[in-house]
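Quick look at run-v5.tsv (TSV, C-alpha atoms):
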```tsv
chain	number	residue	atom	x	y	z
J	1	MET	CA	112.80	89.00	129.16
J	2	VAL	CA	112.90	92.31	127.36
J	3	ASN	CA	110.17	93.01	124.79
J	4	LEU	CA	111.56	94.28	121.47
J	5	GLU	CA	108.52	96.55	121.16
J	6	TRP	CA	109.82	98.45	124.20
J	7	TYR	CA	112.99	99.30	122.27
J	8	ARG	CA	110.96	100.31	119.21
J	9	THR	CA	108.91	102.64	121.43
J	10	PHE	CA	112.08	103.94	123.09
J	11	LYS	CA	113.55	104.76	119.68
J	12	ALA	CA	110.43	106.71	118.64
J	13	VAL	CA	110.32	108.72	121.89
J	14	TYR	CA	114.07	109.38	121.76
J	15	LYS	CA	113.87	110.58	118.15
J	16	ASN	CA	110.77	112.77	118.59
J	17	GLY	CA	111.29	113.95	122.21
J	18	ASN	CA	107.57	113.67	122.72
J	19	PHE	CA	105.27	110.85	123.84
J	20	SER	CA	102.31	112.09	121.78
J	21	VAL	CA	104.28	112.32	118.53
J	22	ALA	CA	105.82	108.90	119.17
J	23	ALA	CA	102.37	107.46	119.80
J	24	LYS	CA	101.08	108.76	116.44
J	25	GLU	CA	104.12	107.40	114.64
J	26	LEU	CA	103.65	103.98	116.23
J	27	PHE	CA	99.85	104.00	115.87
J	28	MET	CA	99.52	103.60	119.63
J	29	SER	CA	97.82	105.54	122.41
J	30	GLN	CA	99.92	107.89	124.53
J	31	PRO	CA	99.21	105.90	127.75
J	32	ALA	CA	100.48	102.74	126.00
J	33	VAL	CA	103.71	104.53	125.07
J	34	SER	CA	104.16	105.77	128.66
J	35	GLN	CA	103.52	102.28	129.97
J	36	GLN	CA	106.10	100.67	127.69
J	37	ILE	CA	108.75	103.24	128.61
J	38	SER	CA	108.02	102.67	132.32
J	39	MET	CA	108.39	98.90	131.83
J	40	LEU	CA	111.68	99.38	129.96
J	41	GLU	CA	112.96	101.66	132.74
J	42	ALA	CA	112.06	99.01	135.30
J	43	HIS	CA	113.88	96.38	133.23
J	44	VAL	CA	117.14	98.37	132.79
J	45	GLY	CA	116.95	99.88	136.28
J	46	ASN	CA	117.45	103.49	135.18
J	47	LYS	CA	115.31	106.48	134.31
J	48	LEU	CA	115.33	107.18	130.59
J	49	PHE	CA	113.45	110.45	130.10
J	50	ASN	CA	112.83	113.61	132.09
J	51	ARG	CA	109.58	115.41	131.45
J	52	LYS	CA	109.70	119.02	130.23
J	53	SER	CA	107.02	121.59	129.50
J	54	LYS	CA	107.03	120.53	125.85
J	55	GLY	CA	107.86	116.86	125.67
J	56	VAL	CA	110.65	114.86	127.26
J	57	GLU	CA	114.45	114.97	127.39
J	58	PRO	CA	116.64	111.84	127.37
J	59	THR	CA	118.81	111.13	130.37
J	60	GLU	CA	122.49	110.29	130.02
J	61	TYR	CA	121.62	106.63	130.41
J	62	ALA	CA	119.08	106.95	127.61
J	63	LYS	CA	121.77	108.40	125.36
J	64	LEU	CA	124.04	105.47	126.19
J	65	LEU	CA	121.24	102.97	125.61
J	66	ASN	CA	120.40	104.57	122.26
J	67	ASN	CA	124.02	104.23	121.12
J	68	LEU	CA	124.03	100.58	122.13
J	69	ILE	CA	120.80	99.49	120.43
J	70	ILE	CA	120.22	101.83	117.48
J	71	ASP	CA	122.28	99.91	114.88
J	72	ALA	CA	120.83	96.53	115.84
J	73	LEU	CA	117.28	97.92	115.92
J	74	ASP	CA	117.68	99.56	112.50
J	75	ARG	CA	118.92	96.27	111.02
J	76	LEU	CA	116.03	94.38	112.59
J	77	GLU	CA	113.49	96.85	111.19
J	78	SER	CA	115.14	96.64	107.77
J	79	VAL	CA	114.81	92.84	107.80
J	80	GLU	CA	111.20	93.15	108.96
J	81	THR	CA	110.38	95.62	106.16
J	82	GLY	CA	112.00	93.40	103.54
J	83	PHE	CA	110.20	90.32	104.80
J	84	ARG	CA	106.86	92.14	104.79
J	85	ALA	CA	107.45	93.34	101.23
J	86	LYS	CA	108.21	89.80	100.07
J	87	ALA	CA	105.11	88.50	101.82
J	88	GLU	CA	103.00	91.17	100.13
J	89	ASP	CA	104.57	90.35	96.76
J	90	ALA	CA	103.75	86.67	97.24
J	91	ASN	CA	100.06	87.51	97.61
J	92	ARG	CA	99.80	90.30	95.04
J	93	LEU	CA	97.61	89.86	91.99
J	94	ILE	CA	99.60	90.56	88.84
J	95	SER	CA	98.15	91.09	85.36
J	96	VAL	CA	99.85	89.40	82.41
J	97	GLY	CA	98.98	89.89	78.75
J	98	ILE	CA	99.91	87.21	76.25
J	99	SER	CA	98.74	85.79	72.93
J	100	LYS	CA	96.71	82.61	73.18
J	101	HIS	CA	99.23	80.44	71.35
J	102	LEU	CA	102.08	81.70	73.56
J	103	PHE	CA	99.90	81.03	76.61
J	104	ASP	CA	99.66	77.41	75.47
J	105	CYS	CA	103.45	77.45	75.56
J	106	VAL	CA	104.20	79.09	78.94
J	107	GLY	CA	100.86	79.27	80.79
J	108	ASN	CA	101.59	76.25	83.00
J	109	LEU	CA	104.98	77.67	83.92
J	110	LEU	CA	103.56	81.00	85.07
J	111	ILE	CA	100.76	79.35	87.04
J	112	SER	CA	103.26	77.12	88.83
J	113	LYS	CA	105.33	80.12	89.95
J	114	PHE	CA	102.68	82.65	91.05
J	115	ASP	CA	99.58	82.34	93.20
J	116	LEU	CA	97.54	85.19	91.69
J	117	ILE	CA	97.54	86.09	87.97
J	118	ASP	CA	94.92	87.83	85.84
J	119	PHE	CA	95.60	86.81	82.21
J	120	THR	CA	94.56	88.85	79.17
J	121	PHE	CA	94.66	87.31	75.68
J	122	ALA	CA	95.59	89.71	72.88
J	123	GLU	CA	98.11	90.15	70.07
J	124	ASN	CA	101.37	92.11	70.19
J	125	ASP	CA	100.20	95.63	69.34
J	126	GLU	CA	97.18	95.54	71.64
J	127	LEU	CA	99.32	94.13	74.45
J	128	PHE	CA	101.75	97.00	74.08
J	129	GLU	CA	98.94	99.55	74.27
J	130	LEU	CA	97.65	97.98	77.48
J	131	VAL	CA	101.11	97.99	79.08
J	132	ASP	CA	101.81	101.53	77.90
J	133	ALA	CA	98.52	102.67	79.48
J	134	LYS	CA	99.51	100.78	82.68
J	135	LYS	CA	96.47	98.56	82.41
J	136	LEU	CA	98.74	95.50	82.47
J	137	ASP	CA	101.72	94.78	84.70
J	138	PHE	CA	103.42	92.66	82.02
J	139	ALA	CA	103.07	91.51	78.45
J	140	ILE	CA	104.83	88.58	76.83
J	141	THR	CA	105.23	89.35	73.14
J	142	THR	CA	107.05	88.29	69.99
J	143	LYS	CA	107.55	91.90	68.93
J	144	ARG	CA	109.94	94.45	70.39
J	145	PHE	CA	108.54	97.71	71.78
J	146	ASP	CA	111.18	100.19	72.90
J	147	THR	CA	109.64	103.37	74.32
J	148	PHE	CA	110.36	105.91	77.04
J	149	ASP	CA	107.55	104.68	79.31
J	150	THR	CA	108.16	100.94	79.00
J	151	THR	CA	111.03	98.55	79.49
J	152	TYR	CA	111.59	95.11	77.97
J	153	GLU	CA	113.87	92.11	78.21
J	154	ILE	CA	114.55	89.31	75.74
J	155	VAL	CA	113.73	86.02	77.47
J	156	GLY	CA	114.09	83.51	74.68
J	157	LYS	CA	113.53	82.44	71.10
J	158	ILE	CA	110.83	80.40	69.42
J	159	LYS	CA	110.58	78.95	65.95
J	160	LEU	CA	107.89	77.57	63.67
J	161	ILE	CA	108.29	73.88	62.86
J	162	LEU	CA	106.28	71.27	60.98
J	163	VAL	CA	104.96	68.33	63.00
J	164	ALA	CA	102.84	65.23	62.45
J	165	PRO	CA	101.64	62.23	64.48
J	166	THR	CA	104.20	59.46	64.87
J	167	SER	CA	101.93	57.16	62.88
J	168	LEU	CA	102.51	59.18	59.69
J	169	ASP	CA	105.14	57.71	57.36
J	170	ILE	CA	107.39	60.62	56.33
J	171	THR	CA	110.01	58.54	54.50
J	172	GLU	CA	109.02	59.97	51.12
J	173	PHE	CA	109.08	63.51	52.49
J	174	ARG	CA	112.57	63.03	53.93
J	175	GLN	CA	113.84	61.73	50.61
J	176	ARG	CA	112.50	64.77	48.77
J	177	LEU	CA	113.93	67.05	51.45
J	178	LYS	CA	117.34	65.39	51.19
J	179	ALA	CA	117.26	65.97	47.43
J	180	ASP	CA	116.32	69.65	47.95
J	181	ASN	CA	113.41	69.12	45.59
J	182	PHE	CA	111.17	71.88	46.91
J	183	THR	CA	108.55	71.47	44.20
J	184	GLU	CA	107.95	67.86	45.21
J	185	ILE	CA	108.22	68.77	48.92
J	186	GLU	CA	105.41	71.26	48.48
J	187	GLN	CA	103.36	68.76	46.49
J	188	TRP	CA	103.72	66.19	49.28
J	189	LEU	CA	102.67	68.72	51.91
J	190	ASN	CA	99.68	69.84	49.84
J	191	GLY	CA	98.49	66.23	49.79
J	192	GLN	CA	98.28	66.03	53.59
J	193	LYS	CA	95.43	66.90	55.94
J	194	TRP	CA	96.19	70.24	57.57
J	195	TYR	CA	95.45	71.56	61.05
J	196	SER	CA	95.51	75.26	61.96
J	197	HIS	CA	94.72	77.25	65.11
J	198	ASP	CA	93.42	80.19	63.04
J	199	ALA	CA	91.33	80.43	59.86
J	200	ARG	CA	93.80	83.02	58.54
J	201	ILE	CA	96.55	80.35	58.85
J	202	PRO	CA	99.22	82.87	60.02
J	203	HIS	CA	101.73	80.20	61.08
J	204	ILE	CA	101.42	78.31	57.80
J	205	LYS	CA	101.75	81.49	55.72
J	206	LEU	CA	104.88	82.56	57.61
J	207	PHE	CA	106.41	79.11	57.31
J	208	TRP	CA	105.65	79.01	53.56
J	209	LEU	CA	107.09	82.49	53.05
J	210	HIS	CA	110.50	81.47	54.40
J	211	ALA	CA	110.62	77.80	53.45
J	212	PHE	CA	109.33	78.19	49.88
J	213	ASN	CA	109.71	81.93	49.30
J	214	LYS	CA	105.99	82.12	48.60
J	215	LYS	CA	103.55	84.54	50.17
J	216	ARG	CA	100.59	82.17	50.13
J	217	PRO	CA	100.36	78.36	50.35
J	218	SER	CA	97.94	76.63	48.02
J	219	MET	CA	96.35	74.25	50.54
J	220	VAL	CA	93.22	74.87	52.59
J	221	PRO	CA	93.25	73.71	56.23
J	222	ASN	CA	91.03	70.73	56.95
J	223	TYR	CA	90.59	71.52	60.64
J	224	ILE	CA	90.64	74.90	62.38
J	225	ILE	CA	90.96	74.55	66.16
J	226	PRO	CA	91.27	77.91	68.01
J	227	SER	CA	93.63	76.58	70.69
J	228	GLU	CA	97.09	75.57	69.48
J	229	SER	CA	97.41	73.19	72.43
J	230	GLU	CA	94.13	71.47	71.57
J	231	MET	CA	95.11	71.43	67.91
J	232	LEU	CA	98.29	69.50	68.72
J	233	ARG	CA	96.48	67.15	71.12
J	234	LEU	CA	93.98	66.21	68.43
J	235	LEU	CA	96.65	65.99	65.74
J	236	SER	CA	98.61	63.50	67.87
J	237	LYS	CA	95.59	61.15	67.81
J	238	ASN	CA	94.68	61.51	64.15
J	239	GLU	CA	96.21	62.03	60.70
J	240	GLY	CA	97.65	65.22	59.30
J	241	VAL	CA	100.34	67.87	59.73
J	242	ALA	CA	100.56	71.28	61.37
J	243	VAL	CA	102.90	74.24	61.71
J	244	THR	CA	103.40	75.22	65.35
J	245	TRP	CA	105.80	76.94	67.70
J	246	ASN	CA	108.53	74.53	68.78
J	247	CYS	CA	107.84	75.29	72.46
J	248	ASN	CA	104.25	74.06	72.09
J	249	ALA	CA	105.28	70.82	70.40
J	250	ARG	CA	108.19	70.09	72.76
J	251	ASN	CA	106.41	67.80	75.22
J	252	TYR	CA	104.41	66.00	72.52
J	253	ILE	CA	107.65	65.14	70.72
J	254	LYS	CA	109.39	64.07	73.93
J	255	GLU	CA	106.46	61.81	74.78
J	256	ASN	CA	106.55	60.35	71.24
J	257	LYS	CA	103.04	61.57	70.46
J	258	LEU	CA	104.21	63.82	67.62
J	259	GLN	CA	107.24	63.74	65.36
J	260	LEU	CA	109.29	66.60	63.99
J	261	VAL	CA	108.77	66.57	60.23
J	262	TRP	CA	110.70	69.68	59.21
J	263	ASN	CA	112.76	72.22	61.10
J	264	SER	CA	113.69	74.37	58.11
J	265	PHE	CA	116.84	76.47	58.47
J	266	HIS	CA	115.16	78.98	56.12
J	267	VAL	CA	112.57	79.74	58.82
J	268	PRO	CA	114.06	82.23	61.32
J	269	GLU	CA	113.74	82.15	65.07
J	270	GLU	CA	111.72	84.89	66.74
J	271	PHE	CA	112.59	86.62	70.00
J	272	VAL	CA	110.22	86.48	72.96
J	273	TYR	CA	110.05	89.63	75.10
J	274	VAL	CA	108.70	90.54	78.52
J	275	LEU	CA	107.37	94.10	78.52
J	276	THR	CA	106.45	96.18	81.60
J	277	PRO	CA	105.76	99.85	82.39
J	278	LYS	CA	108.63	101.85	83.83
J	279	ASN	CA	108.46	103.12	87.42
J	280	ASN	CA	105.96	100.50	88.55
J	281	ASN	CA	105.94	98.50	91.77
J	282	VAL	CA	106.40	95.02	90.33
J	283	ASN	CA	110.15	94.99	89.70
J	284	SER	CA	110.62	91.82	91.76
J	285	PHE	CA	108.03	90.02	89.62
J	286	PHE	CA	109.72	91.24	86.43
J	287	GLU	CA	112.99	89.65	87.54
J	288	ILE	CA	111.31	86.37	88.48
J	289	ILE	CA	109.26	86.12	85.27
J	290	SER	CA	112.30	86.96	83.11
J	291	LYS	CA	114.47	84.38	84.89
J	292	GLU	CA	111.90	81.59	84.68
J	293	LEU	CA	111.14	82.23	81.00
J	294	LYS	CA	114.85	82.28	80.14
J	295	LEU	CA	115.24	78.88	81.80
J	296	PHE	CA	112.19	77.58	79.96
J	297	PHE	CA	113.17	78.77	76.49
J	298	GLY	CA	116.77	77.72	77.09
J	299	ASN	CA	115.50	74.15	76.85
J	300	ARG	CA	113.77	74.65	73.51
J	301	LEU	CA	113.94	72.12	70.66
```

Translate this file's structure into structure tokens.
Amino acid sequence: MVNLEWYRTFKAVYKNGNFSVAAKELFMSQPAVSQQISMLEAHVGNKLFNRKSKGVEPTEYAKLLNNLIIDALDRLESVETGFRAKAEDANRLISVGISKHLFDCVGNLLISKFDLIDFTFAENDELFELVDAKKLDFAITTKRFDTFDTTYEIVGKIKLILVAPTSLDITEFRQRLKADNFTEIEQWLNGQKWYSHDARIPHIKLFWLHAFNKKRPSMVPNYIIPSESEMLRLLSKNEGVAVTWNCNARNYIKENKLQLVWNSFHVPEEFVYVLTPKNNNVNSFFEIISKELKLFFGNRL
């Protein structure tokens, strides 16, 4: 049976007209090249090269053989190169920057799709600086950055919602909401125990700004838990309310551990972006991450 490496060696010698040059190209010794050509000649039953003072010259049979195999060999090498690139991609460590509360939302998804990820937690502006300096392969942000050296893609939308454990009776709240009595709605909310993932209560402030047209809510959070995921887990087992991204609350609501209290139409959705440096070598990852996140956020609440 013919060895495909013989044909690869034949192609290199034919192209270069020299055993030594072919050997360097193939990372082989010159005697190994000579041996493979001799074995191929024995297999096809014809001499393939005539030695000259400076290299070798193909015989007429070699020219015929080259015409017969060159297209197939090129296709085979192309497939081999593509397969190797995919194998290298599968084992490449990629660096992803993301805010901690968005990580709670999509961290499991990314881990399930890639074998090697180095995560960095930071907020939007710092993540952009890291990507722009090519210190991160990707950043997942809620702010658009459109510059010459970076590229981005919108992968979904998220929205702040108000949630509570299913044990909380929200009948009175719903009645006030149905009556559009925002003064009494706010009074009811101020009377609840509040959970926040940040002492600065950024989610609550943003929700209040749009829902009540007020820059600052009057309540003080009872519990500050740095992880939004842990905050929701504890909320589901206790009393109180919290403002959270809908993607983080999705599974808790589906599993009937939390209930949706208020999805205010006054509170706008926010885009989620994937940001990456231009002219990098992780384009295949960018496509995969974008596709998976679009599927994920397409199933939002």

(request) For CA of Glu269 in chain J and CA of Leu295 in chain J, determine how far apart the two atoms are, in Å to one decimal place. (result)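 Those two atoms sit 17.1 Å apart.
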
(request) Counting all atoms listed in the file, note down every residue that has an atom within 12 Å of the point (102.4, 82.3, 57.8) (file coordinates), as a list in words. (result)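 Residues with an atom close enough to that point: Leu160, Ile161, Ser196, His197, Asp198, Ala199, Arg200, Ile201, Pro202, His203, Ile204, Lys205, Leu206, Phe207, Trp208, Leu209, His210, Ala211, Phe212, Asn213, Lys214, Lys215, Arg216, Pro217, Ala242, Val243, Thr244, Trp245 and Val267 of chain J.
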
(message) List as JSON, numbers by chain the protein and nucleic acid residues near range 140-152 of chain J, meaning an atom at most 7 Å away when only C-alpha atoms are counted, but skip any in the same chain fewer than 5 places from it.
(response) {"J": [97, 98, 124, 132, 270, 271, 272, 273, 274, 275, 276, 277, 278]}

(request) Name the residues in contact with Phe121 in chain J at a cut-off of 10 Å, using all atoms listed in the file, excluding same-chain residues fewer than 2 positions from it; report them as JSON, numbers by chain. (result) {"J": [96, 97, 98, 99, 100, 101, 102, 103, 119, 123, 124, 126, 127, 139]}

Output C-alpha atoms for every residue in the selection just made, as a compact mmCIF listing (two decimals), in the coordinates of the input.
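This went into out_19.txt:
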```txt
# COMPACT_ATOMS: atom_id res chain seq x y z
CA VAL J 96 99.85 89.40 82.41
CA GLY J 97 98.98 89.89 78.75
CA ILE J 98 99.91 87.21 76.25
CA SER J 99 98.74 85.79 72.93
CA LYS J 100 96.71 82.61 73.18
CA HIS J 101 99.23 80.44 71.35
CA LEU J 102 102.08 81.70 73.56
CA PHE J 103 99.90 81.03 76.61
CA PHE J 119 95.60 86.81 82.21
CA GLU J 123 98.11 90.15 70.07
CA ASN J 124 101.37 92.11 70.19
CA GLU J 126 97.18 95.54 71.64
CA LEU J 127 99.32 94.13 74.45
CA ALA J 139 103.07 91.51 78.45
```

(message) Counting only C-alpha atoms, I want the residues whose atoms come within 12 Å of (118.2, 74.3, 73.5) in the file frame, returned as a PyMOL selection string.
(response) chain J and resi 156-159+246-247+250+294-301

(request) Quick one: pull the distance between CA of Gly55 in chain J and CA of Ser20 in chain J, Å, one decimal. (result)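 We find that CA of Gly55 in chain J and CA of Ser20 in chain J lie 8.3 Å from each other.
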
(request) Excluding Tyr61 in chain J and any residue of its chain fewer than 6 positions from it, enumerate the residues within 9 Å of it, using all atoms listed in the file, and give them as a PyMOL selection string. (result) chain J and resi 46-48

(message) Given all atoms listed in the file as the basis, pick out the residue of J:Leu136, J:Ile70, J:Val282, J:Val241 nearest to Trp262 in chain J.
(response) J:Val241

(request) Name the closest residue to Ser290 in chain J among the candidates J:Leu116, J:Leu168, J:Leu109, J:Ala249; distances are taken between atoms, counting only C-alpha atoms. (result)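 Selected residue with least distance to Ser290 in chain J: J:Leu109.
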
(request) Take CA of Met39 in chain J and CA of Asp71 in chain J and report the distance between them in Å, one decimal. (result)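 CA of Asp71 in chain J lies at a distance of 21.9 Å from CA of Met39 in chain J.
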
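Closest approach to Arg233 in chain J from the set J:Gln187, J:Ser38, J:Asn248, J:Ser95 is made by J:Asn248, with distances taken over all atoms listed in the file.
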
(request) Name all residues at most 6 Å from range 235-238 of chain J (count all atoms listed in the file; drop same-chain ones fewer than 4 positions away) and give them as number ranges by chain. (result) J: 165, 257-258

(request) For each of J:Asn67, J:Gly17, J:Val261, J:Asn279, take the minimum atom-to-atom distance to Lys52 in chain J, counting all atoms listed in the file, then give the residue where this is smallest. (result) J:Gly17

Which residues are near Ser34 in chain J? Cut-off 10 Å, all atoms listed in the file, ignore same chain within fewer than 4 positions. Put them as a short mmCIF file (atom, residue, chain, number, x, y, z; two decimals) with C-alpha atoms, in the frame of the given file.
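Output file part-v9.cif follows:
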```cif
data_model
loop_
_atom_site.label_atom_id
_atom_site.label_comp_id
_atom_site.auth_asym_id
_atom_site.auth_seq_id
_atom_site.Cartn_x
_atom_site.Cartn_y
_atom_site.Cartn_z
CA THR J 9 108.91 102.64 121.43
CA PHE J 10 112.08 103.94 123.09
CA VAL J 13 110.32 108.72 121.89
CA PHE J 19 105.27 110.85 123.84
CA SER J 20 102.31 112.09 121.78
CA ALA J 23 102.37 107.46 119.80
CA SER J 29 97.82 105.54 122.41
CA GLN J 30 99.92 107.89 124.53
CA SER J 38 108.02 102.67 132.32
CA MET J 39 108.39 98.90 131.83
CA LEU J 40 111.68 99.38 129.96
#
```
